[in-house]
Amino acid sequence: MGNFIVELENVSKGFPGVKALDHVSLQLRAGEVLALLGENGAGKSTLMKILSGVYTMDEGTMKIFGEMVTEMNPVAAQELGIAIIHQELNMCDHLTVAQNIFLGREVTKKGILSDAEMNQKASEILSSLSMDIDPDTVLGDLSVSKQQMVEIAKALSTNARILIMDEPTSALTSQEIDELFTIINRLKNEGCGIVYISHRLEELQHIVDRVMILRDGQYITSMDFKDTSIQEVIAHMVGREITEKFPRVNRSVGRKIFEVQHLNAGKLVKDISFSLYEGEIVGIAGLMGAGRTETTRAIFGADAKESGTIIIDGEVVEINQPIDAINAGIVLAPENRKKDGLCTKLSIKDNIALPNLDMMVNPLGIVNTKKEEEMTVKAIKNLDIRLANSDVDAESLSGGNQQKVVVGKWLARNSRVVIFDEPTRGIDVGSKVEIYNIMNALKSQGIGVIFVSSEMPEILGISDRILVMADGRITKELDIEEATQDSILAYATQFDKKIHHDIA
Amino acid sequence: MGNKDLGKKMLKVFSKRGMGQVITASVGLVVLVVVFGILNPNFFSSRNVSNLLRQIAPIILIGIGQSYVLITGNIDLSIGSVVGMSCMISATLMTKGMSPWLAVGFTYVAALAMGILNGQLVSKAKLPPFIATLGTMTIARGIAQIVNNNYNTDSIGAGAEGFRELFYYGKTAGLFNTIWIALGLWLVFNFILSKTRTGRHIYAVGSNAHAAHLSGVNIAQTVTKAYLVSAVCAATVGLIMTAISGMGTMDAGTTYELYAVAASVIGGVSTLGGQGILLGTIVGASIWGVLQNGLQFAGAPVAIRNIVIGVIVIISVLLDIVLRANNRKNKKGKAAA
Amino acid sequence: MGNKDLGKKMLKVFSKRGMGQVITASVGLVVLVVVFGILNPNFFSSRNVSNLLRQIAPIILIGIGQSYVLITGNIDLSIGSVVGMSCMISATLMTKGMSPWLAVGFTYVAALAMGILNGQLVSKAKLPPFIATLGTMTIARGIAQIVNNNYNTDSIGAGAEGFRELFYYGKTAGLFNTIWIALGLWLVFNFILSKTRTGRHIYAVGSNAHAAHLSGVNIAQTVTKAYLVSAVCAATVGLIMTAISGMGTMDAGTTYELYAVAASVIGGVSTLGGQGILLGTIVGASIWGVLQNGLQFAGAPVAIRNIVIGVIVIISVLLDIVLRANNRKNKKGKAAA
Amino acid sequence: NDTGSTNAGEPAGQATAEESFKVYLITMDQMDQHWVTVDAGAKQAAEELGNISYTWLAPDVKDDAKQIESINNAIAGGAQAILLAANGPNAVTSALREAENEGIKIIYVDSPADFPAVQTLATDNEAAGKTAGMEMLAALEAQGITEGKIGIVNVNASTSSVVARENGFRAAFEGTAFELLQTQYGEGDAARSQDIAANYITEGVVGIFGANEGSTVGAGNAIKEAGGGVVGVGFDKSDTILQLISEGQLLATMAQNPDVMGYEGMKTAVKALKGETIADELVDTGVSVIDKSSL
Ligand SMILES: Nc1ncnc2c1ncn2[C@@H]1O[C@H](COP(=O)(O)OP(=O)(O)OP(=O)(O)O)[C@@H](O)[C@H]1O
Ligand SMILES: Nc1ncnc2c1ncn2[C@@H]1O[C@H](COP(=O)(O)OP(=O)(O)OP(=O)(O)O)[C@@H](O)[C@H]1O
Ligand SMILES: [Mg+2]
Ligand SMILES: [Mg+2]
């Protein structure tokens, strides 16, 4: 192994009310993949944003390829050969794929843009990554996972020597993840240094050489991956042993409380029928784009339905708007927290109170602030949301803590059915268990839980019954006893025999 | 302990939406008042004070309306035209012999219709609010011109004296009625915004309409409500205009929508939505009114007046931004220490 | 195969940013022209056509400026005042005996300074663009008033005949110079926007400023460039105003910023940034100009004209939204089939 | 209810020669040269008379409500006399009543309101408009033109003085075969007025009337560009208008005497404050028809 190509020493960074990084050091060698691990809010993204010049550090030093760097910004980082794939998508929706890939370093001839050449080059890069994307399509027309792949292509196209990937796989399909790992291994062999951030610890074995762990903004330890175990990593991350990864609660299944019949809504929700019984968790598995999110949105009234019936406790309910669903006792924690989950400019308190105002207003619509406060305090405590006080903006929370708020705001209600869409996406192990516990608690109270997830282990670990979706249809209903990763995957790939529209 | 509690309470007040800017602006207002007080010995005469307050009242009213709309993340450019339309409709009806109070009723109905149109265009038809209300701005001005056949109306006559007293010339408890009207509406709308479900929804929609929708908020209804408040405020100002001049003027209220934005923003309401309080709107409107009054007395030509006002609009918002950044730095210092 | 390629190419052109709206708007323009042509036999007279084109030219110019700024996701409310400022500065200098061409130079310098101020306030000081340019709008109007001591200027005199010819009264190749100026600037700015790195960055900043920043785009510089283009266009219109009346008028350009927004938006430029092409701005400006001209000939009173214009602004954007939604449905349908 | 008054003016008749008077001039706005000239006249008189604290209060735009605010401000500022150019005849009456209750002397300059005052020094706008019409009619008839369309470029429909001018102008054509077209409003903006006038010319008008300075400049320039053939008559006297007349593009302009309004108005105010009797209730400050021959 070669010399260090990145040396961060004693880096500190504070945000209002939070010390995000406290004297953290990090070294990266050429040709190695370093996994940067830690709970939500540990400071991983912040550290990488400092390395790539998005944030400036409050104190500390930075050496790149042995040279001291004092002024770092996105342009300087690019020139130094540092590329970063951010945790959140950072693309221009109105520009084409090629325009996005070459943004900031456009190819020009005598000052005139050479779009043909850029399209050509983009096409080469995309196909070298086995991505079937037309470089001339407008980015906003692609699915989230395709957009994520474009972002990866963009980072790779800079021929960076130092590559940072902040949760690149959270929006990818398993096939895309495989391709990404192939690429990572190739780059590693070519001598790139890669920092890899992920909460999916099972991925690490395929690519990682070394792990480094942060907790609460502090450096905990780093070690060679082969000398450690996932169990040990988790222990370092949370500072305690996590004994049971998927706590399962057994409860006798009661009567049928919820039923969907022949639901149709757009091309990703076709003839969906299923039922839900008191005290059970139904998992919905499937590949990206299978239509799970769309199904949940259609049930909840967030998108228009074409046809279908929804029955609660034996009674048909008319749901045209989310408020109809909420009143009928159905609630949804959506998958995209920034876009659909949170009012980021409002306080945590406002966010938690928002869907529950009906429970704290008098007939004139006046809000009882005492009840509001009580509810907030309770939710913060139950979910262990870490914040300065409940009046800070939701924006300032780390990704994982934001997710907890999205889930938390629904728990104060006495709902009949709670739908979780990817509730653990981008959440650390400790918090994941907390969310599983919440689902179990709801189940114990006799509430029906629908749990959409792309992660097989948790679907298998938590659900009592699993619906598998592909191409907008339910292709199979599996009892937990008969479900395995293989059987789920088999049904999840049972596509309609039609050309995929993205390719056409 | 009581002390600590107080401190905590104070901290909460300060960290409230846009409170920082309200405080900065209030300090600015005090400075302005002091400066003008020194420049012009008449400034603090009870006559000028009550006069000044009456001049500020309409700005507060349109400011309230614009603030509501801005907080939902939209804008209402039609305010000035709705003022003109209301002025012309009420005056035309009165000159045609309708009882003033009935005319007032009709005026509010017309303004509310305009508010609903705005709300529906923005929230249902999904027009960009700038465009939708640019359109209704022109339409409402057209209506103002058409109701009396492209002429200002004649005098609304002696039968409307009571109306004129109520909206402008009369006093109650030593203060002009106009001030009471502004204060009354402010109290009502401030209460709605800060204490009721509708208010919460308005903030939520402005912060993130998607998230609000998924939390069961009816976006279209909420946005329409905000435009209705704006229309009610504009109509009230239109009626005040009729009362002031005792006739209908087609141009009444021209560019008031911009004053309204200025008052709101100087008072800390964000044009991006989700942020601001009506207390700030009062301060912003007062700064605007004091400037107009004070500069006129100071004998400043309109040119200078324009430049000073422009500079103050910019500086007031700039100051807020700088202070906020500093605040952050200070906190950082503390956190690091 | 050639056929297929062509079809594909056409499809791409159509799916280009805002192209749909440009086509819708063009159809609307044709309809308007036909209607006015039937209503008024004079409409197609060569006199009226060349006149009309000259009336549209300044709207195209301010439309270009506003489009640039809108595409970066900002807005420029100071356009009208910069027109007035440029008109007064150039005229004052000429009446004071300066050579017209030197005066033109000074005017552009002053306008550029205003553009830089706008750009810096928005991109560096991070003021909301609506507020920043509301401030500079008042300031620039104040400057327009102050340069000649609150007077409109005297006649710029016989020495400026050449200047007046060049900017307004002269013809080249059968078309008024004003039209050539608008066309020339349009070609330059259209080239910059569609073919250069600066143009690409302008779209990127408007689409997602954060992402653009992370890709190494200098946001402050890009936004400032857009405001500079807006200032250059406004200054040119100001000079045209001076040439038209042969004197400086302090009110010149009042509310032009709103015409500019209307022209841009009717032509498919999004007020939310990232979207639009300058071809649309020409169509939008033409619709605006044809309406003003045609409605006068139709003998429509101002009131009706306002209402018609307001309705057209709303309908044109509404149409685009409806068409786009339909389009999406069709696409979905096709994909499902 | 004048309880709030502290600095109200002294009742008339009590003033001595030594006393300093507080006089305000309130115009419609501050934009036109016209108002600046009124101000200059008033200022000159104030200097000549001495011992006068004189202030010009002008709203930033023509607006009834803003003019009323200015009157209120003058009252609050301790005015003893107000020289007022009323935006409209009715709008300001209530505010003026309050002023009268405070013992303030009111003198109208340029445009009176429907409220009794010490004196009105003004142009009879309707008569002046009629004169303009007669001038145009005479010029047309001299060319042998007895019918055709005539365009009117006005400011807006809400300023009474320009509306009166237009009414007078239209009255001059009563009984003739000329067709007076729908009035177009250019907000006094020279460029906008010029577009309007150019469109009129395309429509084939034989004459164009401009109701104020900006409208007249626009009309004159449009006629100039069309190469004449249209009779242009306007209002107000500015350098550009005079030049257009000397070039023969405009036939004539109705020039008022704003300096006289200001100067004499101030003198009247002081006289009234000193308790002297004012003989004339109405002083026509006159219009002079300026055409090529009178230049
Ligand atoms: N822009 C910001 N403003 C304020 N606080 C911030 C900001 N960005 C991060 N923080 C805070 O800094 C801390 C570290 O956040 P960071 O995003 O680095 O965590 P992370 O390890 O990436 O977490 P996750 O796994 O949830 O993405 C958190 O407490 C977070 O709330
Ligand atoms: N901007 C967009 N415009 C139109 N459709 C989109 C857009 N983004 C996503 N979609 C559609 O939504 C679908 C879901 O996208 P995404 O990649 O988020 O998968 P997902 O929601 O995780 O999958 P699932 O539907 O199984 O929950 C995509 O297949 C795509 O068709
Ligand atoms: Mg992170
Ligand atoms: Mg999903």
# chains A, B, ... in the order shown; residues from 1 in each chain; ligands from 1

call {"tool": "residues_near_ligand", "arguments": {"ligand": "ligand 2", "cutoff": "6 Å", "atoms": "only C-alpha atoms and all ligand atoms", "output": "MDAnalysis selection string"}}
result
chainID A and resid 140:141 143:145 286:294

call {"tool": "closest_atom_pairs", "arguments": {"of": "chain C", "to": "chain A", "cutoff": "6 Å", "atoms": "only C-alpha atoms", "output": "tab-separated table"}}
result
residue	atom	partner	partner_atom	distance
C:Lys195	CA	A:Leu113	CA	5.4
C:Thr196	CA	A:Ile112	CA	5.1
C:Ser207	CA	A:Cys92	CA	5.2
C:Asn208	CA	A:Cys92	CA	5.1
C:Ala211	CA	A:Asn90	CA	4.7
C:Leu214	CA	A:Pro74	CA	5.6
C:Ser215	CA	A:Gly104	CA	5.3
C:Gly216	CA	A:Val75	CA	4.7
C:Val217	CA	A:Gly104	CA	5.3
C:Ala335	CA	A:His501	CA	5.6

call {"tool": "residues_around", "arguments": {"residues": "Leu112 (chain B)", "least_positions_apart": "3", "cutoff": "8 Å", "atoms": "only C-alpha atoms", "output": "JSON, numbers by chain"}}
result
{"B": [108, 109, 115, 116, 228, 231, 232]}

call {"tool": "write_last_selection", "arguments": {"atoms": "C-alpha atoms", "output": "compact mmCIF listing (two decimals), in the first residue's frame"}}
result
# COMPACT_ATOMS: atom_id res chain seq x y z
CA TYR B 108 -66.36 42.90 0.19
CA VAL B 109 -68.17 40.34 -1.91
CA GLY B 115 -59.39 36.51 -3.64
CA ILE B 116 -61.01 33.21 -4.53
CA LEU B 228 -58.99 35.79 0.94
CA ALA B 231 -58.54 40.49 -0.43
CA VAL B 232 -60.37 41.46 2.76

call {"tool": "interface_residues", "arguments": {"of": "chain C", "to": "chain B", "cutoff": "9 Å", "atoms": "only C-alpha atoms", "output": "CSV table (one decimal) with N, CA and C atoms, in the first residue's frame"}}
result
chain,number,residue,atom,x,y,z
C,121,LEU,N,-26.0,42.1,-4.6
C,121,LEU,CA,-27.0,42.0,-3.5
C,121,LEU,C,-27.6,40.7,-3.5
C,125,ALA,N,-24.7,39.1,-1.2
C,125,ALA,CA,-25.4,39.4,0.1
C,125,ALA,C,-26.6,38.5,0.4
C,126,LYS,N,-26.9,37.7,-0.6
C,126,LYS,CA,-28.0,36.7,-0.5
C,126,LYS,C,-29.4,37.4,-0.1
C,127,LEU,N,-29.6,38.6,-0.6
C,127,LEU,CA,-30.9,39.2,-0.4
C,127,LEU,C,-31.9,38.4,-1.3
C,128,PRO,N,-33.1,38.3,-0.9
C,128,PRO,CA,-34.2,37.8,-1.8
C,128,PRO,C,-34.2,38.7,-3.0
C,130,PHE,N,-36.4,39.6,-5.0
C,130,PHE,CA,-37.6,40.5,-5.1
C,130,PHE,C,-37.3,41.7,-4.3
C,131,ILE,N,-36.7,41.6,-3.1
C,131,ILE,CA,-36.4,42.7,-2.3
C,131,ILE,C,-35.3,43.5,-2.8
C,132,ALA,N,-34.2,42.8,-3.1
C,132,ALA,CA,-33.0,43.5,-3.6
C,132,ALA,C,-33.4,44.5,-4.7
C,133,THR,N,-34.1,43.9,-5.7
C,133,THR,CA,-34.4,44.7,-6.9
C,133,THR,C,-35.6,45.7,-6.7
C,134,LEU,N,-36.4,45.4,-5.7
C,134,LEU,CA,-37.4,46.4,-5.3
C,134,LEU,C,-36.6,47.6,-4.7
C,135,GLY,N,-35.6,47.4,-4.0
C,135,GLY,CA,-34.8,48.5,-3.4
C,135,GLY,C,-34.1,49.2,-4.6
C,136,THR,N,-33.4,48.5,-5.5
C,136,THR,CA,-32.7,49.2,-6.5
C,136,THR,C,-33.7,49.9,-7.5
C,137,MET,N,-34.9,49.3,-7.6
C,137,MET,CA,-35.9,50.0,-8.4
C,137,MET,C,-36.2,51.4,-7.9
C,138,THR,N,-36.3,51.5,-6.6
C,138,THR,CA,-36.6,52.8,-6.0
C,138,THR,C,-35.4,53.7,-6.2
C,139,ILE,N,-34.2,53.1,-5.9
C,139,ILE,CA,-33.0,53.9,-6.0
C,139,ILE,C,-32.8,54.4,-7.4
C,140,ALA,N,-32.9,53.6,-8.4
C,140,ALA,CA,-32.6,54.0,-9.8
C,140,ALA,C,-33.6,55.1,-10.2
C,141,ARG,N,-34.9,54.9,-9.7
C,141,ARG,CA,-35.8,56.0,-10.1
C,141,ARG,C,-35.4,57.3,-9.4
C,142,GLY,N,-34.9,57.2,-8.2
C,142,GLY,CA,-34.5,58.4,-7.5
C,142,GLY,C,-33.3,59.0,-8.3
C,143,ILE,N,-32.4,58.2,-8.8
C,143,ILE,CA,-31.3,58.8,-9.6
C,143,ILE,C,-31.8,59.4,-10.9
C,144,ALA,N,-32.8,58.8,-11.5
C,144,ALA,CA,-33.4,59.4,-12.7
C,144,ALA,C,-33.9,60.8,-12.4
C,145,GLN,N,-34.5,60.9,-11.2
C,145,GLN,CA,-35.1,62.2,-10.9
C,145,GLN,C,-34.0,63.2,-10.5
C,146,ILE,N,-32.9,62.7,-9.9
C,146,ILE,CA,-32.0,63.7,-9.3
C,146,ILE,C,-31.0,64.2,-10.3
C,149,ASN,N,-31.9,67.4,-11.5
C,149,ASN,CA,-32.5,68.3,-10.5
C,149,ASN,C,-34.1,68.2,-10.5
C,150,ASN,N,-34.6,67.1,-10.7
C,150,ASN,CA,-36.0,66.9,-10.6
C,150,ASN,C,-36.8,67.6,-11.8
C,258,LEU,N,-42.7,44.8,-15.3
C,258,LEU,CA,-43.8,43.8,-15.3
C,258,LEU,C,-44.1,43.4,-16.7
C,261,VAL,N,-41.7,40.7,-17.4
C,261,VAL,CA,-42.0,39.4,-16.9
C,261,VAL,C,-43.1,38.8,-17.7
C,262,ALA,N,-44.1,39.6,-18.1
C,262,ALA,CA,-45.2,39.1,-18.8
C,262,ALA,C,-44.7,38.5,-20.2
C,265,VAL,N,-42.8,35.3,-19.6
C,265,VAL,CA,-43.6,34.1,-19.1
C,265,VAL,C,-44.5,33.7,-20.2
C,270,SER,N,-39.8,30.1,-17.2
C,270,SER,CA,-40.4,29.8,-15.9
C,270,SER,C,-39.9,30.8,-14.9
C,271,THR,N,-40.8,31.3,-14.1
C,271,THR,CA,-40.4,32.2,-13.0
C,271,THR,C,-39.7,31.4,-11.9
C,272,LEU,N,-39.7,30.1,-12.0
C,272,LEU,CA,-39.0,29.3,-11.0
C,272,LEU,C,-37.5,29.0,-11.4
C,301,PRO,N,-61.6,50.8,-25.0
C,301,PRO,CA,-61.2,51.6,-23.9
C,301,PRO,C,-60.2,50.9,-23.0
C,302,VAL,N,-59.4,51.7,-22.3
C,302,VAL,CA,-58.3,51.2,-21.5
C,302,VAL,C,-58.8,50.1,-20.6
C,303,ALA,N,-60.0,50.3,-20.0
C,303,ALA,CA,-60.5,49.3,-19.0
C,303,ALA,C,-60.5,47.9,-19.7
C,304,ILE,N,-61.1,47.8,-20.8
C,304,ILE,CA,-61.3,46.6,-21.5
C,304,ILE,C,-59.9,46.0,-21.9
C,305,ARG,N,-59.0,46.9,-22.3
C,305,ARG,CA,-57.7,46.5,-22.7
C,305,ARG,C,-57.0,45.8,-21.5
C,306,ASN,N,-57.1,46.4,-20.3
C,306,ASN,CA,-56.5,45.8,-19.1
C,306,ASN,C,-57.1,44.4,-18.9
C,307,ILE,N,-58.4,44.3,-19.0
C,307,ILE,CA,-59.0,43.1,-18.7
C,307,ILE,C,-58.5,42.0,-19.7
C,308,VAL,N,-58.5,42.4,-21.0
C,308,VAL,CA,-58.1,41.4,-22.0
C,308,VAL,C,-56.7,41.0,-21.8
C,309,ILE,N,-55.8,41.9,-21.5
C,309,ILE,CA,-54.4,41.6,-21.3
C,309,ILE,C,-54.2,40.7,-20.1
C,310,GLY,N,-54.9,41.0,-19.0
C,310,GLY,CA,-54.8,40.2,-17.8
C,310,GLY,C,-55.3,38.7,-18.1
C,311,VAL,N,-56.4,38.6,-18.8
C,311,VAL,CA,-57.0,37.3,-19.1
C,311,VAL,C,-56.0,36.6,-20.0
C,312,ILE,N,-55.4,37.3,-21.0
C,312,ILE,CA,-54.4,36.6,-21.8
C,312,ILE,C,-53.2,36.1,-21.1
C,313,VAL,N,-52.7,36.9,-20.2
C,313,VAL,CA,-51.5,36.5,-19.4
C,313,VAL,C,-51.9,35.2,-18.7
C,314,ILE,N,-53.0,35.2,-18.1
C,314,ILE,CA,-53.4,34.0,-17.3
C,314,ILE,C,-53.7,32.8,-18.2
C,317,VAL,N,-50.5,31.0,-19.8
C,317,VAL,CA,-49.7,30.1,-18.9
C,317,VAL,C,-50.6,28.9,-18.5
C,318,LEU,N,-51.9,29.1,-18.3
C,318,LEU,CA,-52.8,28.1,-18.0
C,318,LEU,C,-52.7,27.0,-19.1
C,321,ILE,N,-49.8,24.9,-19.0
C,321,ILE,CA,-49.9,23.9,-17.9
C,321,ILE,C,-50.8,22.7,-18.3
C,322,VAL,N,-51.9,23.1,-18.9
C,322,VAL,CA,-52.9,22.0,-19.2
C,322,VAL,C,-52.3,21.1,-20.3

call {"tool": "residues_around", "arguments": {"residues": "Leu239 (chain B)", "least_positions_apart": "6", "cutoff": "8 Å", "atoms": "only C-alpha atoms", "output": "PyMOL selection string"}}
result
chain B and resi 83+86-87+90+104+167

call {"tool": "interface_residues", "arguments": {"of": "chain C", "to": "chain D", "cutoff": "10 Å", "atoms": "only C-alpha atoms", "output": "number ranges by chain"}}
result
C: 40-43, 45-49, 51-52, 54-55, 145, 150-157, 169-170, 240-254, 292-294, 296-302

call {"tool": "closest_atom_pairs", "arguments": {"of": "chain A", "to": "ligand 3", "cutoff": "8 Å", "atoms": "only C-alpha atoms and all ligand atoms", "output": "CSV"}}
result
residue,atom,partner,partner_atom_place_in_ligand_line,distance
A:Asn40,CA,ligand 3,1 (Mg),7.0
A:Gly41,CA,ligand 3,1 (Mg),6.9
A:Gly43,CA,ligand 3,1 (Mg),7.0
A:Lys44,CA,ligand 3,1 (Mg),5.7
A:Ser45,CA,ligand 3,1 (Mg),4.1
A:Thr46,CA,ligand 3,1 (Mg),7.1
A:Gln87,CA,ligand 3,1 (Mg),6.1
A:Asp166,CA,ligand 3,1 (Mg),6.8
A:Glu167,CA,ligand 3,1 (Mg),7.7
A:Ser398,CA,ligand 3,1 (Mg),6.9
A:Gly399,CA,ligand 3,1 (Mg),6.3
A:Gly426,CA,ligand 3,1 (Mg),8.0

call {"tool": "write_last_selection", "arguments": {"atoms": "C-alpha atoms", "output": "PDB file, in the first residue's frame"}}
result
ATOM      1  CA  ASN A  40     -26.933   9.037  12.262  1.00  0.00           C
ATOM      2  CA  GLY A  41     -25.534  12.414  13.072  1.00  0.00           C
ATOM      3  CA  GLY A  43     -20.531  13.497  11.471  1.00  0.00           C
ATOM      4  CA  LYS A  44     -19.661  11.336   8.470  1.00  0.00           C
ATOM      5  CA  SER A  45     -21.193  13.557   5.831  1.00  0.00           C
ATOM      6  CA  THR A  46     -19.832  16.670   7.492  1.00  0.00           C
ATOM      7  CA  GLN A  87     -25.872  11.573   0.245  1.00  0.00           C
ATOM      8  CA  ASP A 166     -21.825   9.032   0.771  1.00  0.00           C
ATOM      9  CA  GLU A 167     -24.476   6.315   0.826  1.00  0.00           C
ATOM     10  CA  SER A 398     -29.125  14.804  10.639  1.00  0.00           C
ATOM     11  CA  GLY A 399     -30.772  12.566   8.080  1.00  0.00           C
ATOM     12  CA  GLY A 426     -30.279   6.015   5.607  1.00  0.00           C
TER      13      GLY A 426
END

call {"tool": "residues_near_ligand", "arguments": {"ligand": "ligand 1", "cutoff": "9 Å", "atoms": "only C-alpha atoms and all ligand atoms", "output": "PyMOL selection string"}}
result
chain A and resi 13-21+36-49+55+87+166-167+197-199+214-217+386-387+395-403+426-428

call {"tool": "write_last_selection", "arguments": {"atoms": "C-alpha atoms", "output": "PDB file, in the first residue's frame"}}
result
ATOM      1  CA  LYS A  13     -16.609  21.727  12.921  1.00  0.00           C
ATOM      2  CA  GLY A  14     -19.572  23.188  14.755  1.00  0.00           C
ATOM      3  CA  PHE A  15     -23.096  24.079  13.701  1.00  0.00           C
ATOM      4  CA  PRO A  16     -25.510  26.125  15.760  1.00  0.00           C
ATOM      5  CA  GLY A  17     -25.955  24.119  18.926  1.00  0.00           C
ATOM      6  CA  VAL A  18     -24.056  21.063  17.676  1.00  0.00           C
ATOM      7  CA  LYS A  19     -20.452  20.103  17.621  1.00  0.00           C
ATOM      8  CA  ALA A  20     -20.561  18.017  14.458  1.00  0.00           C
ATOM      9  CA  LEU A  21     -16.870  17.084  14.501  1.00  0.00           C
ATOM     10  CA  LEU A  36     -16.556   5.534   7.206  1.00  0.00           C
ATOM     11  CA  LEU A  37     -19.139   4.310   9.654  1.00  0.00           C
ATOM     12  CA  GLY A  38     -21.225   5.737  12.432  1.00  0.00           C
ATOM     13  CA  GLU A  39     -24.701   6.358  13.689  1.00  0.00           C
ATOM     14  CA  ASN A  40     -26.933   9.037  12.262  1.00  0.00           C
ATOM     15  CA  GLY A  41     -25.534  12.414  13.072  1.00  0.00           C
ATOM     16  CA  ALA A  42     -22.090  10.993  13.855  1.00  0.00           C
ATOM     17  CA  GLY A  43     -20.531  13.497  11.471  1.00  0.00           C
ATOM     18  CA  LYS A  44     -19.661  11.336   8.470  1.00  0.00           C
ATOM     19  CA  SER A  45     -21.193  13.557   5.831  1.00  0.00           C
ATOM     20  CA  THR A  46     -19.832  16.670   7.492  1.00  0.00           C
ATOM     21  CA  LEU A  47     -16.280  15.300   7.445  1.00  0.00           C
ATOM     22  CA  MET A  48     -16.561  14.420   3.771  1.00  0.00           C
ATOM     23  CA  LYS A  49     -18.055  17.800   2.935  1.00  0.00           C
ATOM     24  CA  TYR A  55     -17.841  23.205   4.262  1.00  0.00           C
ATOM     25  CA  GLN A  87     -25.872  11.573   0.245  1.00  0.00           C
ATOM     26  CA  ASP A 166     -21.825   9.032   0.771  1.00  0.00           C
ATOM     27  CA  GLU A 167     -24.476   6.315   0.826  1.00  0.00           C
ATOM     28  CA  ILE A 197     -20.165   5.604   3.663  1.00  0.00           C
ATOM     29  CA  SER A 198     -23.083   3.244   4.148  1.00  0.00           C
ATOM     30  CA  HIS A 199     -25.454   2.016   6.766  1.00  0.00           C
ATOM     31  CA  LEU A 214     -17.191   7.996  14.297  1.00  0.00           C
ATOM     32  CA  ARG A 215     -19.578   8.484  17.161  1.00  0.00           C
ATOM     33  CA  ASP A 216     -21.111  11.836  18.174  1.00  0.00           C
ATOM     34  CA  GLY A 217     -18.539  13.760  16.173  1.00  0.00           C
ATOM     35  CA  ARG A 386     -31.384  14.080  19.331  1.00  0.00           C
ATOM     36  CA  LEU A 387     -31.791  17.849  19.181  1.00  0.00           C
ATOM     37  CA  GLU A 395     -33.521  21.326   8.672  1.00  0.00           C
ATOM     38  CA  SER A 396     -30.733  21.235  11.225  1.00  0.00           C
ATOM     39  CA  LEU A 397     -31.230  17.564  12.149  1.00  0.00           C
ATOM     40  CA  SER A 398     -29.125  14.804  10.639  1.00  0.00           C
ATOM     41  CA  GLY A 399     -30.772  12.566   8.080  1.00  0.00           C
ATOM     42  CA  GLY A 400     -31.564   9.809  10.507  1.00  0.00           C
ATOM     43  CA  ASN A 401     -33.050  12.080  13.100  1.00  0.00           C
ATOM     44  CA  GLN A 402     -35.174  13.735  10.454  1.00  0.00           C
ATOM     45  CA  GLN A 403     -36.519  10.313   9.550  1.00  0.00           C
ATOM     46  CA  GLY A 426     -30.279   6.015   5.607  1.00  0.00           C
ATOM     47  CA  ILE A 427     -30.699   5.239   9.265  1.00  0.00           C
ATOM     48  CA  ASP A 428     -28.038   3.723  11.496  1.00  0.00           C
TER      49      ASP A 428
END

call {"tool": "atom_distance", "arguments": {"atom1": "atom 1 (Mg, counted along the ligand's line) of ligand 4", "atom2": "CA of Glu335 (chain A)"}}
result
6.3 Å

call {"tool": "select_by_dssp", "arguments": {"residues": "region 42-254 of chain C", "states": "strand (DSSP E)", "output": "number ranges by chain"}}
result
C: 171-172, 175-176

call {"tool": "atom_distance", "arguments": {"atom1": "CA of Ala260 (chain B)", "atom2": "CA of Gly280 (chain B)"}}
result
12.2 Å

call {"tool": "residues_around", "arguments": {"residues": "Met456 (chain A)", "least_positions_apart": "6", "cutoff": "10 Å", "atoms": "only C-alpha atoms", "output": "PyMOL selection string"}}
result
chain A and resi 285-286+484-486+488-489

call {"tool": "residues_around", "arguments": {"residues": "Pro58 (chain C)", "least_positions_apart": "5", "cutoff": "10 Å", "atoms": "only C-alpha atoms", "output": "VMD selection string"}}
result
chain C and resid 53 63 to 64 178 to 179 181 to 182 233 to 234 236 to 238 240 to 241 256 260 285 289
